[in-house]
$ cat start-v7.cif   # mmCIF, C-alpha atoms
data_structure
#
loop_
_atom_site.label_atom_id
_atom_site.label_comp_id
_atom_site.auth_asym_id
_atom_site.auth_seq_id
_atom_site.Cartn_x
_atom_site.Cartn_y
_atom_site.Cartn_z
CA MET A 1 8.43 40.91 66.32
CA THR A 2 11.77 41.14 64.64
CA ASP A 3 13.51 44.44 63.95
CA ARG A 4 13.19 43.64 60.25
CA ALA A 5 9.39 43.25 60.59
CA ALA A 6 9.10 46.53 62.46
CA ARG A 7 11.14 48.32 59.78
CA SER A 8 9.18 46.78 56.94
CA GLY A 9 5.86 48.22 58.00
CA ILE A 10 4.09 44.94 58.80
CA ASP A 11 4.00 45.32 62.56
CA GLY A 12 0.39 45.40 63.68
CA LEU A 13 -0.80 43.59 60.56
CA LYS A 14 -2.13 40.06 60.87
CA VAL A 15 0.19 38.00 58.70
CA PRO A 16 0.28 34.19 58.88
CA PRO A 17 3.68 33.03 60.19
CA ALA A 18 4.28 30.84 57.12
CA LEU A 19 4.08 33.91 54.85
CA ARG A 20 5.81 36.43 57.10
CA SER A 21 9.12 36.35 55.21
CA ASP A 22 7.47 36.79 51.80
CA VAL A 23 5.24 39.59 53.10
CA GLU A 24 8.25 41.34 54.64
CA GLN A 25 10.07 41.19 51.29
CA ILE A 26 7.08 42.47 49.31
CA VAL A 27 6.40 45.27 51.78
CA ALA A 28 10.08 46.25 51.80
CA LEU A 29 9.81 46.70 48.01
CA THR A 30 6.54 48.68 48.20
CA ASP A 31 7.86 50.78 51.11
CA GLY A 32 11.01 51.66 49.17
CA PHE A 33 9.06 52.57 46.06
CA CYS A 34 6.54 54.66 47.98
CA ALA A 35 9.26 56.45 49.95
CA GLU A 36 11.01 57.44 46.73
CA HIS A 37 8.07 58.13 44.40
CA LEU A 38 4.81 58.40 46.40
CA ASP A 39 4.28 58.90 50.13
CA ALA A 40 3.91 57.16 53.50
CA GLU A 41 0.15 56.83 53.14
CA TYR A 42 0.53 54.83 49.93
CA ALA A 43 3.12 52.65 51.70
CA ARG A 44 0.70 51.98 54.58
CA LEU A 45 -2.13 51.08 52.19
CA CYS A 46 0.14 48.77 50.18
CA ALA A 47 1.26 46.97 53.35
CA ARG A 48 -2.39 46.50 54.38
CA LEU A 49 -3.23 45.09 50.95
CA VAL A 50 -0.31 42.62 51.02
CA ALA A 51 -1.29 41.51 54.54
CA LYS A 52 -4.86 40.95 53.38
CA LEU A 53 -3.62 38.85 50.45
CA SER A 54 -1.50 36.79 52.85
CA ARG A 55 -4.62 35.85 54.84
CA LYS A 56 -6.52 34.46 51.82
CA ARG A 57 -6.82 30.66 51.73
CA PRO A 58 -4.82 29.65 49.83
CA SER A 59 -2.80 32.80 49.63
CA PRO A 60 -1.97 33.85 46.08
CA LEU A 61 1.37 35.12 47.43
CA LEU A 62 2.56 31.51 47.64
CA ARG A 63 3.08 31.51 43.87
CA GLY A 64 4.95 33.96 41.70
CA ASP A 65 7.72 36.51 41.77
CA LEU A 66 7.61 38.74 44.86
CA ARG A 67 8.77 41.70 42.74
CA ILE A 68 5.69 41.30 40.54
CA TRP A 69 3.44 41.08 43.61
CA ALA A 70 4.97 44.32 44.91
CA ALA A 71 4.47 46.14 41.61
CA ALA A 72 0.91 44.81 41.27
CA THR A 73 0.15 45.92 44.83
CA ILE A 74 1.25 49.47 44.05
CA TYR A 75 -0.73 49.34 40.79
CA THR A 76 -3.85 48.10 42.63
CA VAL A 77 -3.71 50.70 45.41
CA GLY A 78 -2.90 53.33 42.79
CA SER A 79 -5.91 52.40 40.66
CA VAL A 80 -8.21 52.56 43.72
CA ASN A 81 -6.90 56.09 44.35
CA PHE A 82 -6.65 57.43 40.77
CA LEU A 83 -2.84 57.44 40.80
CA PHE A 84 -2.82 57.26 36.98
CA ASP A 85 -4.94 60.44 36.61
CA ARG A 86 -2.66 63.35 35.70
CA SER A 87 -5.12 65.81 37.25
CA GLN A 88 -4.31 64.40 40.70
CA PRO A 89 -1.55 66.13 42.70
CA LEU A 90 0.24 62.78 43.16
CA HIS A 91 0.28 60.80 39.92
CA VAL A 92 2.37 58.30 37.99
CA SER A 93 1.49 56.78 34.63
CA GLY A 94 1.29 53.04 34.15
CA GLU A 95 4.31 53.19 31.88
CA GLU A 96 6.31 55.13 34.47
CA LEU A 97 5.31 52.64 37.17
CA SER A 98 6.44 49.83 34.89
CA ASP A 99 9.77 51.52 34.20
CA LEU A 100 10.37 52.34 37.88
CA THR A 101 9.53 48.83 39.14
CA GLY A 102 11.10 46.94 36.26
CA VAL A 103 7.90 44.91 35.77
CA PRO A 104 6.19 44.93 32.37
CA LYS A 105 2.99 46.98 32.41
CA SER A 106 0.86 44.10 31.08
CA THR A 107 2.18 41.73 33.77
CA MET A 108 1.55 44.30 36.48
CA ALA A 109 -1.94 45.12 35.20
CA ASN A 110 -2.91 41.44 34.90
CA LYS A 111 -1.73 40.67 38.43
CA ALA A 112 -3.53 43.79 39.72
CA LYS A 113 -6.75 42.59 38.07
CA GLN A 114 -6.28 39.26 39.82
CA ILE A 115 -5.94 41.11 43.15
CA ARG A 116 -8.99 43.30 42.49
CA ASP A 117 -11.10 40.29 41.51
CA LEU A 118 -9.92 38.19 44.45
CA LEU A 119 -10.62 40.94 47.00
CA GLY A 120 -13.61 42.52 45.23
CA LEU A 121 -11.94 45.93 45.00
CA SER A 122 -13.06 48.88 42.90
CA ARG A 123 -12.15 52.54 42.50
CA LEU A 124 -12.58 54.48 45.73
CA ASP A 125 -12.76 51.24 47.74
CA LEU A 126 -13.22 52.40 51.32
CA GLU A 127 -10.65 50.00 52.78
CA PHE A 128 -7.79 51.17 50.55
CA CYS A 129 -8.82 54.77 49.88
CA ARG A 130 -6.42 57.61 50.74
CA ARG A 131 -7.52 60.02 53.43
CA ASP A 132 -7.90 63.02 51.09
CA LEU A 133 -10.21 61.01 48.83
CA LEU A 134 -12.01 59.43 51.78
CA GLU A 135 -12.93 62.87 53.11
CA ARG A 136 -14.74 63.55 49.81
CA HIS A 137 -15.93 59.98 49.20
CA PRO A 138 -19.55 60.00 48.00
CA TRP A 139 -20.66 56.93 50.00
CA ALA A 140 -18.36 56.74 53.00
CA TRP A 141 -20.52 58.99 55.14
CA HIS A 142 -24.01 57.67 54.41
CA VAL A 143 -25.79 55.85 57.23
CA GLN A 144 -29.36 54.81 57.75
CA VAL A 145 -31.16 56.41 60.70
CA ASP A 146 -34.75 55.35 61.32
CA GLY A 147 -35.06 54.18 57.72
CA VAL A 148 -33.68 57.41 56.23
CA ILE A 149 -30.23 57.64 54.64
CA VAL A 150 -28.34 60.66 55.95
CA ASP A 151 -24.85 62.10 55.79
CA ALA A 152 -23.30 61.12 59.14
CA ARG A 153 -21.30 64.37 59.21
CA MET A 154 -24.61 66.18 59.78
CA LEU A 155 -25.48 64.10 62.86
CA PRO A 156 -24.80 65.22 66.44
CA ALA A 157 -21.28 64.44 67.69
CA ALA A 158 -22.47 61.62 69.96
CA LEU A 159 -24.15 59.82 67.05
CA GLN A 160 -21.11 60.37 64.83
CA GLU A 161 -18.93 58.76 67.50
CA GLU A 162 -21.35 55.82 67.73
CA CYS A 163 -21.16 55.40 63.95
CA ARG A 164 -17.34 55.49 64.09
CA SER A 165 -17.17 52.95 66.92
CA ARG A 166 -19.40 50.58 64.95
CA GLY A 167 -17.25 51.02 61.83
CA LEU A 168 -20.10 52.57 59.85
CA ILE A 169 -18.11 55.66 58.89
CA PRO A 170 -14.37 56.27 58.55
CA ASP A 171 -12.37 57.29 61.58
CA LEU A 172 -10.09 59.85 59.96
CA ALA A 173 -8.26 60.48 63.24
CA ALA A 174 -7.24 56.80 63.28
CA GLY A 175 -6.24 56.87 59.62
CA THR A 176 -8.98 54.50 58.40
#
$ encode --input "start-v7.cif" --output "structure tokens"
Amino acid sequence: MTDRAARSGIDGLKVPPALRSDVEQIVALTDGFCAEHLDAEYARLCARLVAKLSRKRPSPLLRGDLRIWAAATIYTVGSVNFLFDRSQPLHVSGEELSDLTGVPKSTMANKAKQIRDLLGLSRLDLEFCRRDLLERHPWAWHVQVDGVIVDARMLPAALQEECRSRGLIPDLAAGT
């Protein structure tokens, strides 16, 4: 792993070697934006989203302006986490995001829709949900035990750990 890759936040993410340079550039843009206007958790989620896009066959990242991919990534992760809702403690409007990234709002929104459609993402998507929202997520904690759906947080600790190890519920300690 290069020093540049470690700095860019893609270490530990499975990125095809052919797209590594593009992913590093996109993540450098999203990391910089998140450091200045959002937070480290948004940066981590954006890097995970870009890495996931790089693994699609064929990867959509092979075509288009990397700056637009970066802005659309922030827009996508933001829409999953209600970033555009002024009632949230951390919020930015679509217009502000457009102004700050230098990418027209319509371009950013169209590319974000392409990402959401390609990956099947929706609001509160478990894979790209922030920890504070995940803790209150209405479906993240439901598991089926002997045919009955229960809130896993009400199960004994040993069963909760089993659910976490199987990936059935979020592991908040691990950040997922």
$ closest_residue --input "start-v7.cif" --among "A:Gly78, A:Val92, A:Arg55, A:Asp125" --to "A:Pro17" --atoms "all atoms listed in the file"
A:Arg55
$ resolve_selection --input "start-v7.cif" --expression "the PyMOL selection byres ((chain A and resi 13) around 9)" --output "list in words"
Gly9, Ile10, Asp11, Gly12, Lys14, Val15, Ala47, Arg48, Ala51 and Lys52 of chain A
$ residues_around --input "start-v7.cif" --residues "stretch 57-71 of chain A" --least-positions-apart "5" --cutoff "10 Å" --atoms "only C-alpha atoms" --output "PyMOL selection string"
chain A and resi 16+18-19+22-23+25-31+33+46-47+50-52+76+97-98+100-105+107-109+111-112+114-115+118
$ closest_residue --input "start-v7.cif" --among "A:Pro156, A:Gly120, A:Pro89, A:Gly147" --to "A:Asp132" --atoms "all atoms listed in the file"
A:Pro89
$ atom_distance --input "start-v7.cif" --atom1 "atom CA of A:Val80" --atom2 "atom CA of A:Leu119"
12.3 Å
$ resolve_selection --input "start-v7.cif" --expression "the PyMOL selection byres ((chain A and resi 38) around 10)" --output "ChimeraX atom specification"
/A:31-37,39-43,74,78,83,90-92
$ atom_distance --input "start-v7.cif" --atom1 "atom CA of A:Lys113" --atom2 "atom CA of A:Ala72"
8.6 Å
$ residues_around --input "start-v7.cif" --residues "stretch 159-163 of chain A" --least-positions-apart "2" --cutoff "12 Å" --atoms "all atoms listed in the file" --output "ChimeraX atom specification"
/A:140-145,150-157,165-173
$ atom_distance --input "start-v7.cif" --atom1 "atom CA of A:Lys56" --atom2 "atom CA of A:Phe84"
27.5 Å
$ axis_aligned_box --input "start-v7.cif" --around "stretch 26-44 of chain A" --padding-each-side "5 Å" --output "JSON"
{"center_x": 5.6, "center_y": 50.7, "center_z": 49.5, "size_x": 20.9, "size_y": 26.4, "size_z": 20.2}
$ closest_residue --input "start-v7.cif" --among "A:Thr73, A:Ser87, A:Ser122, A:Ser93" --to "A:Leu53" --atoms "only C-alpha atoms"
A:Thr73
$ closest_residue --input "start-v7.cif" --among "A:Ile149, A:Gln88, A:Val77, A:Arg130" --to "A:Arg116" --atoms "all atoms listed in the file"
A:Val77
$ closest_residue --input "start-v7.cif" --among "A:Tyr75, A:Leu45, A:Arg20, A:Ala158" --to "A:Phe128" --atoms "all atoms listed in the file"
A:Leu45
$ resolve_selection --input "start-v7.cif" --expression "the PyMOL selection byres ((chain A and resi 123) around 9)" --output "list in words"
Ser79, Val80, Asn81, Phe82, Leu121, Ser122, Leu124, Asp125, Leu126 and Cys129 of chain A
$ decode --input "start-v7.cif" --residues "stretch 143-167 of chain A" --atoms "N, CA and C atoms" --output "PDB file, in the first residue's frame"
ATOM      1  N   VAL A 143     -34.651  -9.295  14.263  1.00  0.00           N
ATOM      2  CA  VAL A 143     -34.227 -10.635  13.853  1.00  0.00           C
ATOM      3  C   VAL A 143     -35.370 -11.600  14.116  1.00  0.00           C
ATOM      4  N   GLN A 144     -35.318 -12.711  13.420  1.00  0.00           N
ATOM      5  CA  GLN A 144     -36.347 -13.724  13.605  1.00  0.00           C
ATOM      6  C   GLN A 144     -35.793 -14.835  14.498  1.00  0.00           C
ATOM      7  N   VAL A 145     -36.507 -15.090  15.589  1.00  0.00           N
ATOM      8  CA  VAL A 145     -36.119 -16.151  16.528  1.00  0.00           C
ATOM      9  C   VAL A 145     -37.308 -17.098  16.661  1.00  0.00           C
ATOM     10  N   ASP A 146     -37.120 -18.327  16.255  1.00  0.00           N
ATOM     11  CA  ASP A 146     -38.189 -19.329  16.302  1.00  0.00           C
ATOM     12  C   ASP A 146     -39.476 -18.826  15.653  1.00  0.00           C
ATOM     13  N   GLY A 147     -39.323 -18.150  14.507  1.00  0.00           N
ATOM     14  CA  GLY A 147     -40.481 -17.688  13.757  1.00  0.00           C
ATOM     15  C   GLY A 147     -41.083 -16.377  14.234  1.00  0.00           C
ATOM     16  N   VAL A 148     -40.529 -15.790  15.278  1.00  0.00           N
ATOM     17  CA  VAL A 148     -41.047 -14.539  15.827  1.00  0.00           C
ATOM     18  C   VAL A 148     -40.007 -13.442  15.612  1.00  0.00           C
ATOM     19  N   ILE A 149     -40.456 -12.294  15.096  1.00  0.00           N
ATOM     20  CA  ILE A 149     -39.538 -11.165  14.906  1.00  0.00           C
ATOM     21  C   ILE A 149     -39.420 -10.415  16.217  1.00  0.00           C
ATOM     22  N   VAL A 150     -38.161 -10.232  16.660  1.00  0.00           N
ATOM     23  CA  VAL A 150     -37.897  -9.556  17.936  1.00  0.00           C
ATOM     24  C   VAL A 150     -36.808  -8.504  17.738  1.00  0.00           C
ATOM     25  N   ASP A 151     -36.750  -7.581  18.672  1.00  0.00           N
ATOM     26  CA  ASP A 151     -35.686  -6.590  18.701  1.00  0.00           C
ATOM     27  C   ASP A 151     -34.475  -7.260  19.342  1.00  0.00           C
ATOM     28  N   ALA A 152     -33.388  -7.388  18.590  1.00  0.00           N
ATOM     29  CA  ALA A 152     -32.200  -8.111  19.063  1.00  0.00           C
ATOM     30  C   ALA A 152     -31.604  -7.483  20.316  1.00  0.00           C
ATOM     31  N   ARG A 153     -31.857  -6.198  20.546  1.00  0.00           N
ATOM     32  CA  ARG A 153     -31.317  -5.543  21.744  1.00  0.00           C
ATOM     33  C   ARG A 153     -31.958  -6.077  23.018  1.00  0.00           C
ATOM     34  N   MET A 154     -33.091  -6.787  22.876  1.00  0.00           N
ATOM     35  CA  MET A 154     -33.775  -7.355  24.033  1.00  0.00           C
ATOM     36  C   MET A 154     -33.346  -8.807  24.304  1.00  0.00           C
ATOM     37  N   LEU A 155     -32.507  -9.345  23.434  1.00  0.00           N
ATOM     38  CA  LEU A 155     -32.045 -10.728  23.600  1.00  0.00           C
ATOM     39  C   LEU A 155     -30.898 -10.791  24.606  1.00  0.00           C
ATOM     40  N   PRO A 156     -30.651 -11.967  25.172  1.00  0.00           N
ATOM     41  CA  PRO A 156     -29.486 -12.124  26.054  1.00  0.00           C
ATOM     42  C   PRO A 156     -28.189 -11.794  25.304  1.00  0.00           C
ATOM     43  N   ALA A 157     -27.176 -11.380  26.031  1.00  0.00           N
ATOM     44  CA  ALA A 157     -25.910 -10.931  25.442  1.00  0.00           C
ATOM     45  C   ALA A 157     -25.300 -11.970  24.501  1.00  0.00           C
ATOM     46  N   ALA A 158     -25.366 -13.239  24.872  1.00  0.00           N
ATOM     47  CA  ALA A 158     -24.782 -14.292  24.034  1.00  0.00           C
ATOM     48  C   ALA A 158     -25.484 -14.366  22.677  1.00  0.00           C
ATOM     49  N   LEU A 159     -26.798 -14.220  22.660  1.00  0.00           N
ATOM     50  CA  LEU A 159     -27.532 -14.253  21.397  1.00  0.00           C
ATOM     51  C   LEU A 159     -27.277 -12.987  20.579  1.00  0.00           C
ATOM     52  N   GLN A 160     -27.129 -11.861  21.252  1.00  0.00           N
ATOM     53  CA  GLN A 160     -26.796 -10.619  20.545  1.00  0.00           C
ATOM     54  C   GLN A 160     -25.437 -10.768  19.850  1.00  0.00           C
ATOM     55  N   GLU A 161     -24.487 -11.348  20.553  1.00  0.00           N
ATOM     56  CA  GLU A 161     -23.151 -11.546  19.970  1.00  0.00           C
ATOM     57  C   GLU A 161     -23.222 -12.485  18.771  1.00  0.00           C
ATOM     58  N   GLU A 162     -24.033 -13.525  18.878  1.00  0.00           N
ATOM     59  CA  GLU A 162     -24.221 -14.453  17.754  1.00  0.00           C
ATOM     60  C   GLU A 162     -24.824 -13.710  16.563  1.00  0.00           C
ATOM     61  N   CYS A 163     -25.795 -12.871  16.806  1.00  0.00           N
ATOM     62  CA  CYS A 163     -26.412 -12.078  15.729  1.00  0.00           C
ATOM     63  C   CYS A 163     -25.386 -11.147  15.086  1.00  0.00           C
ATOM     64  N   ARG A 164     -24.538 -10.510  15.916  1.00  0.00           N
ATOM     65  CA  ARG A 164     -23.496  -9.627  15.387  1.00  0.00           C
ATOM     66  C   ARG A 164     -22.498 -10.412  14.546  1.00  0.00           C
ATOM     67  N   SER A 165     -22.068 -11.568  15.033  1.00  0.00           N
ATOM     68  CA  SER A 165     -21.060 -12.346  14.307  1.00  0.00           C
ATOM     69  C   SER A 165     -21.595 -12.856  12.971  1.00  0.00           C
ATOM     70  N   ARG A 166     -22.890 -13.050  12.881  1.00  0.00           N
ATOM     71  CA  ARG A 166     -23.507 -13.493  11.621  1.00  0.00           C
ATOM     72  C   ARG A 166     -23.882 -12.316  10.718  1.00  0.00           C
ATOM     73  N   GLY A 167     -23.660 -11.090  11.204  1.00  0.00           N
ATOM     74  CA  GLY A 167     -23.976  -9.912  10.407  1.00  0.00           C
ATOM     75  C   GLY A 167     -25.462  -9.598  10.351  1.00  0.00           C
TER      76      GLY A 167
END
